Amino acid sequence: MEITIGDTLFTLHPSGAVYWKDQNMLLIADVHLGKISHFRKFGSAIPQKAINTNFERLNKLVSYFNPDKICFLGDLFHSTLNNEWGLFEVWVKNQSSAIILIKGNHDIISPEKFSELGIQMERELLLNQFLLTHHPEIREGVFNISGHIHPGIKVRGVGRQSLSVPCFHKQLNQLTLPAFGAFTGKFLITPKIGDAIYATAADEVIKI
Amino acid sequence: MNKNELFHIANNWFESQSWKPFPFQKQVWTAFLQGKNGLLNAPTGSGKTYALWIPIVLDYIKSNPDYKSQPKKGVLAIWVTPLRALSVEIKNSAERFVEEIGVPLTVGIRTGDTSQKERAAQNRSLPNLLITTPESLQLILASKAYDKKLSSLVSVVTDEWHELLGSKRGVQMELALSRIKSIAPKLRIWGISATIGNLDQAREVLLGPGSNAYKNSVLIKAKINKKITVKSIIPKKMEIFPWRGHLGLHLLEEVIPIINNSKTTLLFTNTRSQCEIWFQKILEKHPELAGEMAMHHGSINKETRIWVENAIRDATLKAVVCTSSLDLGVDFAPVETIIQIGGPKGVARFLQRAGRSGHQPGKESVIYFLPTHAMELIEASALQKAVESQKVEDRIPYLNSYDVLVQYLTTLAVSDGFYPEEIYEEVITTFCYQTLTSDQFGWILNFITLGSQSLHAYDEFQKVEIEVDGRFKINNKGVAMRHRLQIGTIVSDAVLTVKFLKGGYIGSIEEWFISKLKPGDVFTFAGRNLELFRVKNMLVLVKKSKQRSSIVPSWMGGRMSLSSEMSQLLREELYAVAELLNNSIESNLYRPDLLTKISTKTLSRELRSLLPVFKRQVKESMVPAHNQFLIETFKTREGYHNVFYPFEGRFVHEAMGSLLAYRISLLTPITFSIAFNDYGFELLSDQQLDMQQVLDNDLLSPQFLKSDLEKSLNATEMARRKFRDIAVIAGLVFTGYPNKLIKSKHLQSSSQLLFSVFKDYEPENLLLQQAYTETFEHQLEEGRLQIALDRISSQTIVWKACNKPTPFSFPIITDRLREKLSSEKLADRIKRMLSNLEKR
């Protein structure tokens, strides 16, 4: 689904990523790589096969949009260094795009490790009146695109049906992305008047 | 000393108390001294502690003649009780006997409440009699050199075995006993159980099917007859009766004279929120009872609960509003009257509660039944019959609980480690794991050592290690500590501690309730109106509030289902009504006004009072007779209602609802939400359902039940919810350090999420499969469902297209807790929900 903010065109992808056409840039929030390995290291036997899913999803996305730049909006890694870092290194080396990481609260791995891989690490990024951050924030004169929240929406229907799905949450001067990672939860939001909600449903994005 | 001399000691002591031993007590003494194992069937307050503690002491005297000069060290017996609250009572009784006959034996308690210091002392040397819980017994198995400590055991007594039997705590006991059997050669295993339908099986589960212990065992029944009288409180005017009041508060004034005319009254409610509300409302209307009334439920802090229990014993309270938290345990002699608010749903529970009153010999137990909605009066009528027949429910033991086995093996790995061959031989002697194959056992070993079924490069999974000599052991201190904190099979919601701003602990409350409140909101808890100040870490800080209106927390898990015994009785009551009404209608087909002149002499008082309701039901629809199965359809603003009445209890209805919804959804893309209560279930949809098509296709057929049910489950969330407990028990989810403000960093995850990951990536996982099995066998009661469908297929289906909701349907269609099932694509559903929203 395509939306315009100001006069800039963005594509909302069902995976939870946003493609910024003018910049040829992919925005991805809250991948939480290494989360499964972290749990396993502490004795919780989460299926290992799930580890590959994140990389498969990333590969699919990159080959579809073929962007110049990939910007992760924080929480790229879930916790401290573990063996999933090795898989990440391999993945980064196979990329032709430049990679930027906005530091999130979970990103506690040393910035040097990232710069060794040629990843540019930032607190925030201001591009053409668009402010890219991890935590959502309101700043005058700019439009903020962020992650962190893992927004989800509960839809109700006749017959007292309800279901909840991850969603993009657009407010007056903010857009919050759903979490991209396979093993991440969601936080149900209550939209305010004037907000726009774009739900991700399997292979479609639907405006609510 | 021979048997007679030993008995002489006991008899003398009884005489000194001016008591006389009951025959069942003597039978147990004899059997125990003969070296037998067994199960004693005796109610609370019948002297069961002395039935078993006395022979343990006598046996000690016999084998240690010089006990006075050389008291033996080491544990002699372990007494397992499901409730910590009971342990003090047992300790007092046990100490009284040994002190008065002059045998120097020590008695100690070890539960979750035992102080660090005392525990450390016990670790050095256990008392001669240790009173403990199933969980604390597991913790002993998690301590170093437990086998040496327990080798001196002569007996393990499991009290209130009926309570443990149908739960995973029972499985924990089976496993613990299988281990202790191997390390204590002189062991005699005994259980004490209240009356349940399957007492013989209870003994088999405790001792192990086909085991030597079972072959050398007895079942002893205490024959104590007691008269129980049931009195229903019937509202004076049937019209003002709410169809679904759930609280029964409109009958509050009826309760007051009952309280006033009796020394102490216990008011049993079915849920904690109902308990809170009743307590508040009685005080509001009758402030003169303040100080003489108290409340008791599982979320109130321990000190208050103990205070209430003591006050009941000392007869200083007029009334106590309580939940099942007072079902079990200590004997309250001053209690004269019981009031049951709302249907008790099971015969055994009702009899047990009734037995709470009138403990003096020869006295009858009186129990009042207060219905919370009209239909419950049918239950009351059925209960009258139940009391006569005394046909009580079975407790169904668990089979193949892989989660408990994972926990148990990890426990053994924490202490001294284990060798799989040896433990496997023990495990398969238990009832729960009698069919466990070596492949399945191998799967579990891989699960705790590799975290999967094959070794992967770069994997960092860390739990149990295999040492060079083949011993399975945990050497990592962090893993060991996290496991010790997690031992147990009772999984509760995340609970937060409620405290006053100025200090002072009030109780604990489920996180999801608090998460719905904002600071400044007022809610009722532990009988007080409290204002939420703020939530910080795991603490809820509150202030007292003078505001009168407030929100009452509703606790999950309060919903019980009618047992099959109860639902059978209930149907019989209804059939009696139907017969009467239908006969009258047939003979007066053209004179409906004559309905008023029906002779109702054959009906019970409760059913007679319900006649206005039944007449309305006949006017709008019908009352089904024994050879009929009723379906009603009608339309309201909410959509198209399709209501079915099997009268089988809510769990069976939940299953039947999903099954039928699934089968219908195969005919046409449609989405249902499913509601159910103990009498029937409803499929509500925004599209009209072709009921004739449903009947023509025989969708209520018992054929292909299992496979259809499995498929219908995929669309529902039942197994997901079951998986939550399994994930915690098997140690997949770490619930955090107790009372620590710092949450376990980066290890939080919802079991919902885990379920999805397992379902997508490891569908063959035994724990995941267990979630489905448990859903089928324990939640859906597949066996009962089969029987119910067989019954329906022998009945004539009567479909009534009604103009408006009927009296029978009302309690169901107003239910807010729903399941859903859909055969539509996710995107289509969202789109249609949206288009409907826009139309409004």
# chains A, B, ... in the order shown; residues from 1 in each chain; ligands from 1

$ interface_residues --of "chain B" --to "chain A" --cutoff "6 Å" --atoms "only C-alpha atoms" --output "PyMOL selection string"
chain B and resi 451+460-463+638-639+673+684-686+732+827+833

$ residues_around --residues "Gln770 (chain B)" --least-positions-apart "4" --cutoff "8 Å" --atoms "only C-alpha atoms" --output "short mmCIF file (atom, residue, chain, number, x, y, z; two decimals) with N, CA and C atoms, in the first residue's frame"
data_model
loop_
_atom_site.label_atom_id
_atom_site.label_comp_id
_atom_site.auth_asym_id
_atom_site.auth_seq_id
_atom_site.Cartn_x
_atom_site.Cartn_y
_atom_site.Cartn_z
N SER B 401 2.06 -36.65 30.96
CA SER B 401 2.33 -35.22 31.08
C SER B 401 3.83 -34.99 30.89
N TYR B 402 4.21 -34.75 29.64
CA TYR B 402 5.64 -34.60 29.32
C TYR B 402 6.24 -33.41 30.06
N LEU B 766 6.78 -32.73 21.40
CA LEU B 766 5.87 -33.46 22.29
C LEU B 766 5.08 -32.53 23.20
N GLU B 774 -4.25 -32.41 26.03
CA GLU B 774 -4.90 -31.91 27.24
C GLU B 774 -6.19 -31.16 26.91
#

$ residues_around --residues "region 421-428 of chain B" --least-positions-apart "3" --cutoff "10 Å" --atoms "only C-alpha atoms" --output "PDB file with C-alpha atoms, in the first residue's frame"
ATOM      1  CA  GLU B 174       3.662 -40.243  41.441  1.00  0.00           C
ATOM      2  CA  LEU B 175       7.162 -39.386  40.244  1.00  0.00           C
ATOM      3  CA  ALA B 176       8.468 -38.539  43.703  1.00  0.00           C
ATOM      4  CA  LEU B 177       7.107 -41.834  45.055  1.00  0.00           C
ATOM      5  CA  SER B 178       8.660 -43.804  42.184  1.00  0.00           C
ATOM      6  CA  ARG B 179      12.049 -42.415  43.239  1.00  0.00           C
ATOM      7  CA  ILE B 180      11.564 -42.848  46.982  1.00  0.00           C
ATOM      8  CA  LYS B 181      10.448 -46.470  46.509  1.00  0.00           C
ATOM      9  CA  SER B 182      13.935 -47.231  45.179  1.00  0.00           C
ATOM     10  CA  GLY B 208       1.617 -47.654  40.702  1.00  0.00           C
ATOM     11  CA  PRO B 209      -0.422 -50.033  38.484  1.00  0.00           C
ATOM     12  CA  LEU B 405       8.545 -35.222  33.363  1.00  0.00           C
ATOM     13  CA  LEU B 409      14.303 -34.920  35.214  1.00  0.00           C
ATOM     14  CA  LEU B 412      17.110 -34.772  39.492  1.00  0.00           C
ATOM     15  CA  PHE B 418      20.797 -39.245  37.209  1.00  0.00           C
ATOM     16  CA  PHE B 431       0.263 -44.577  36.304  1.00  0.00           C
ATOM     17  CA  CYS B 432       0.930 -41.388  34.367  1.00  0.00           C
ATOM     18  CA  TYR B 433       3.820 -42.735  32.304  1.00  0.00           C
ATOM     19  CA  GLN B 434       2.868 -46.422  32.051  1.00  0.00           C
ATOM     20  CA  THR B 435       2.781 -46.208  28.261  1.00  0.00           C
ATOM     21  CA  LEU B 436       5.854 -43.979  27.857  1.00  0.00           C
ATOM     22  CA  THR B 437       8.076 -45.502  25.174  1.00  0.00           C
ATOM     23  CA  SER B 438      11.854 -45.379  25.279  1.00  0.00           C
ATOM     24  CA  PHE B 441      11.885 -40.785  26.908  1.00  0.00           C
ATOM     25  CA  GLY B 442      14.795 -40.299  24.549  1.00  0.00           C
ATOM     26  CA  GLY B 470      26.772 -41.059  31.294  1.00  0.00           C
TER      27      GLY B 470
END

$ atom_distance --atom1 "CA of Glu292 (chain B)" --atom2 "CA of Val320 (chain B)"
8.6 Å

$ atom_distance --atom1 "CA of Glu572 (chain B)" --atom2 "CA of Pro811 (chain B)"
20.5 Å

$ select_by_dssp --residues "chain A" --states "alpha helix (DSSP H)" --output "VMD selection string"
chain A and resid 35 to 41 49 to 65 84 to 93 111 to 116

$ atom_distance --atom1 "CA of Leu683 (chain B)" --atom2 "CA of Ile631 (chain B)"
11.0 Å

$ closest_residue --among "B:Ala142, B:Leu562, B:Ile234, B:Ala184" --to "Tyr679 (chain B)" --atoms "only C-alpha atoms"
B:Leu562

$ select_by_dssp --residues "region 71-194 of chain A" --states "strand (DSSP E)" --output "compact mmCIF listing (two decimals) with N, CA and C atoms, in the first residue's frame"
# COMPACT_ATOMS: atom_id res chain seq x y z
N CYS A 71 17.75 1.03 6.45
CA CYS A 71 17.89 1.67 7.75
C CYS A 71 17.08 0.89 8.79
N PHE A 72 17.78 0.35 9.81
CA PHE A 72 17.09 -0.36 10.89
C PHE A 72 16.76 0.64 12.01
N ALA A 98 23.84 0.03 1.43
CA ALA A 98 24.45 0.58 2.64
C ALA A 98 23.51 0.32 3.81
N ILE A 99 24.09 0.03 4.97
CA ILE A 99 23.23 -0.29 6.11
C ILE A 99 23.42 0.72 7.23
N ILE A 100 22.32 1.24 7.74
CA ILE A 100 22.36 2.20 8.82
C ILE A 100 21.58 1.62 10.00
N LEU A 101 22.09 1.78 11.21
CA LEU A 101 21.35 1.35 12.39
C LEU A 101 21.12 2.53 13.32
N ILE A 102 19.84 2.83 13.60
CA ILE A 102 19.51 3.80 14.64
C ILE A 102 19.49 3.00 15.94
N GLN A 120 26.71 1.89 9.54
CA GLN A 120 26.74 3.23 10.11
C GLN A 120 25.77 3.27 11.28
N MET A 121 26.26 3.70 12.46
CA MET A 121 25.38 3.69 13.62
C MET A 121 25.06 5.12 14.04
N GLU A 122 23.78 5.39 14.27
CA GLU A 122 23.35 6.76 14.58
C GLU A 122 22.41 6.76 15.78
N LEU A 125 18.38 10.15 12.69
CA LEU A 125 18.76 10.56 11.35
C LEU A 125 17.69 11.53 10.83
N LEU A 126 18.12 12.71 10.38
CA LEU A 126 17.18 13.69 9.84
C LEU A 126 17.41 13.79 8.34
N LEU A 127 16.37 13.44 7.57
CA LEU A 127 16.48 13.45 6.11
C LEU A 127 15.27 14.18 5.54
N PHE A 130 12.25 14.49 7.55
CA PHE A 130 11.82 13.24 8.18
C PHE A 130 12.87 12.83 9.21
N LEU A 131 12.40 12.63 10.46
CA LEU A 131 13.31 12.28 11.55
C LEU A 131 13.15 10.79 11.86
N LEU A 132 14.22 10.04 11.66
CA LEU A 132 14.17 8.60 11.92
C LEU A 132 14.75 8.33 13.30
N PHE A 143 8.65 15.33 10.62
CA PHE A 143 7.80 14.16 10.75
C PHE A 143 8.66 13.00 11.23
N ASN A 144 8.21 12.33 12.30
CA ASN A 144 9.02 11.29 12.95
C ASN A 144 8.59 9.89 12.49
N ILE A 145 9.57 9.08 12.09
CA ILE A 145 9.28 7.66 11.79
C ILE A 145 10.08 6.82 12.78
N SER A 146 9.39 5.89 13.50
CA SER A 146 10.05 5.20 14.60
C SER A 146 9.56 3.75 14.73
N PRO A 151 3.44 -1.87 17.54
CA PRO A 151 1.99 -1.65 17.58
C PRO A 151 1.19 -2.79 16.97
N GLY A 152 0.05 -3.07 17.56
CA GLY A 152 -0.89 -4.05 17.04
C GLY A 152 -2.28 -3.48 17.22
N ILE A 153 -3.22 -3.97 16.42
CA ILE A 153 -4.57 -3.41 16.52
C ILE A 153 -5.58 -4.54 16.62
N LYS A 154 -6.58 -4.32 17.46
CA LYS A 154 -7.66 -5.29 17.60
C LYS A 154 -8.85 -4.77 16.80
N VAL A 155 -9.32 -5.60 15.87
CA VAL A 155 -10.46 -5.20 15.05
C VAL A 155 -11.69 -5.96 15.53
N ARG A 156 -12.77 -5.23 15.72
CA ARG A 156 -14.01 -5.88 16.15
C ARG A 156 -15.04 -5.83 15.06
N GLY A 157 -15.91 -6.83 15.02
CA GLY A 157 -16.94 -6.84 14.01
C GLY A 157 -18.27 -7.27 14.59
N GLN A 161 -17.10 -10.56 16.98
CA GLN A 161 -15.84 -11.13 16.55
C GLN A 161 -14.73 -10.13 16.83
N SER A 162 -13.54 -10.67 17.04
CA SER A 162 -12.40 -9.76 17.14
C SER A 162 -11.15 -10.51 16.76
N LEU A 163 -10.19 -9.78 16.22
CA LEU A 163 -8.87 -10.37 16.00
C LEU A 163 -7.82 -9.27 16.05
N SER A 164 -6.59 -9.66 16.38
CA SER A 164 -5.55 -8.65 16.49
C SER A 164 -4.40 -8.97 15.55
N VAL A 165 -3.88 -7.93 14.90
CA VAL A 165 -2.79 -8.07 13.93
C VAL A 165 -1.80 -6.92 14.14
N PRO A 166 -0.52 -7.12 13.73
CA PRO A 166 0.43 -6.01 13.79
C PRO A 166 0.00 -4.90 12.83
N CYS A 167 0.36 -3.65 13.14
CA CYS A 167 -0.09 -2.56 12.26
C CYS A 167 0.91 -1.40 12.24
N PHE A 168 0.78 -0.59 11.20
CA PHE A 168 1.46 0.71 11.16
C PHE A 168 0.54 1.71 11.83
N HIS A 169 1.10 2.59 12.64
CA HIS A 169 0.29 3.56 13.36
C HIS A 169 0.73 4.96 12.95
N LYS A 170 -0.13 5.68 12.22
CA LYS A 170 0.23 7.03 11.78
C LYS A 170 -0.54 8.05 12.60
N GLN A 171 0.21 8.95 13.24
CA GLN A 171 -0.41 10.06 13.96
C GLN A 171 -0.07 11.34 13.21
N GLN A 174 3.74 11.60 13.17
CA GLN A 174 4.50 10.41 13.52
C GLN A 174 4.01 9.20 12.75
N LEU A 175 4.93 8.30 12.43
CA LEU A 175 4.55 6.99 11.91
C LEU A 175 5.34 5.95 12.69
N THR A 176 4.61 4.99 13.34
CA THR A 176 5.29 3.93 14.08
C THR A 176 5.15 2.63 13.31
N PHE A 187 2.00 -4.87 20.91
CA PHE A 187 1.33 -4.10 21.95
C PHE A 187 0.08 -3.49 21.34
N LEU A 188 -1.07 -3.83 21.90
CA LEU A 188 -2.32 -3.33 21.30
C LEU A 188 -2.50 -1.85 21.60

$ residues_around --residues "Asn66 (chain A)" --least-positions-apart "5" --cutoff "10 Å" --atoms "only C-alpha atoms" --output "MDAnalysis selection string"
chainID A and resid 24:26 59:61 95:97

$ residues_around --residues "Tyr19 (chain A)" --least-positions-apart "6" --cutoff "10 Å" --atoms "only C-alpha atoms" --output "list in words"
Glu2, Leu9, Phe10, Thr11, Leu12, His13, Met25, Leu26, Leu27, Ile28, Leu61, Phe65, Pro67 and Ile70 of chain A

$ residues_around --residues "Ile90 (chain B)" --least-positions-apart "2" --cutoff "12 Å" --atoms "only C-alpha atoms" --output "ChimeraX atom specification"
/B:44-45,47-50,52-53,78-81,83-88,92-97,107-109,129-132,157,159,329-331

$ decode --residues "region 50-73 of chain B" --atoms "N, CA and C atoms" --output "CSV table (one decimal), in the first residue's frame"
chain,number,residue,atom,x,y,z
B,50,TYR,N,-4.9,-39.4,63.2
B,50,TYR,CA,-4.5,-40.4,64.1
B,50,TYR,C,-4.6,-41.8,63.5
B,51,ALA,N,-5.4,-42.0,62.5
B,51,ALA,CA,-5.4,-43.3,61.8
B,51,ALA,C,-4.1,-43.7,61.3
B,52,LEU,N,-3.3,-42.7,60.8
B,52,LEU,CA,-2.0,-43.0,60.2
B,52,LEU,C,-0.8,-42.6,61.0
B,53,TRP,N,-0.9,-41.6,61.8
B,53,TRP,CA,0.3,-41.2,62.6
B,53,TRP,C,0.6,-42.2,63.7
B,54,ILE,N,-0.5,-42.7,64.3
B,54,ILE,CA,-0.3,-43.6,65.4
B,54,ILE,C,0.4,-44.9,65.0
B,55,PRO,N,0.1,-45.6,63.9
B,55,PRO,CA,0.8,-46.8,63.5
B,55,PRO,C,2.3,-46.5,63.2
B,56,ILE,N,2.5,-45.3,62.6
B,56,ILE,CA,3.9,-44.9,62.3
B,56,ILE,C,4.7,-44.9,63.6
B,57,VAL,N,4.1,-44.3,64.6
B,57,VAL,CA,4.8,-44.2,65.9
B,57,VAL,C,5.0,-45.6,66.5
B,58,LEU,N,3.9,-46.4,66.5
B,58,LEU,CA,3.9,-47.8,67.0
B,58,LEU,C,5.0,-48.6,66.4
B,59,ASP,N,5.1,-48.5,65.0
B,59,ASP,CA,6.1,-49.2,64.3
B,59,ASP,C,7.5,-48.8,64.7
B,60,TYR,N,7.6,-47.5,65.0
B,60,TYR,CA,8.9,-47.0,65.5
B,60,TYR,C,9.3,-47.6,66.8
B,61,ILE,N,8.3,-47.7,67.7
B,61,ILE,CA,8.6,-48.3,69.0
B,61,ILE,C,9.0,-49.7,68.9
B,62,LYS,N,8.3,-50.4,68.0
B,62,LYS,CA,8.5,-51.8,67.8
B,62,LYS,C,9.9,-52.1,67.3
B,63,SER,N,10.4,-51.3,66.3
B,63,SER,CA,11.7,-51.5,65.8
B,63,SER,C,12.8,-50.8,66.6
B,64,ASN,N,12.5,-50.0,67.5
B,64,ASN,CA,13.5,-49.3,68.3
B,64,ASN,C,13.1,-49.4,69.8
B,65,PRO,N,13.3,-50.6,70.4
B,65,PRO,CA,12.8,-50.8,71.8
B,65,PRO,C,13.4,-49.8,72.7
B,66,ASP,N,14.7,-49.4,72.5
B,66,ASP,CA,15.3,-48.5,73.4
B,66,ASP,C,15.2,-47.0,72.9
B,67,TYR,N,14.0,-46.7,72.4
B,67,TYR,CA,13.8,-45.4,71.8
B,67,TYR,C,14.0,-44.2,72.8
B,68,LYS,N,13.8,-44.5,74.1
B,68,LYS,CA,13.8,-43.4,75.1
B,68,LYS,C,15.3,-43.0,75.3
B,69,SER,N,16.2,-44.0,75.4
B,69,SER,CA,17.6,-43.6,75.7
B,69,SER,C,18.3,-43.3,74.4
B,70,GLN,N,17.9,-43.9,73.3
B,70,GLN,CA,18.6,-43.7,72.0
B,70,GLN,C,17.7,-43.3,70.9
B,71,PRO,N,17.1,-42.1,71.0
B,71,PRO,CA,16.2,-41.6,69.9
B,71,PRO,C,17.0,-41.6,68.5
B,72,LYS,N,16.3,-42.1,67.5
B,72,LYS,CA,16.9,-42.2,66.2
B,72,LYS,C,16.8,-40.9,65.5
B,73,LYS,N,17.9,-40.6,64.7
B,73,LYS,CA,17.9,-39.4,63.9
B,73,LYS,C,17.4,-39.8,62.5
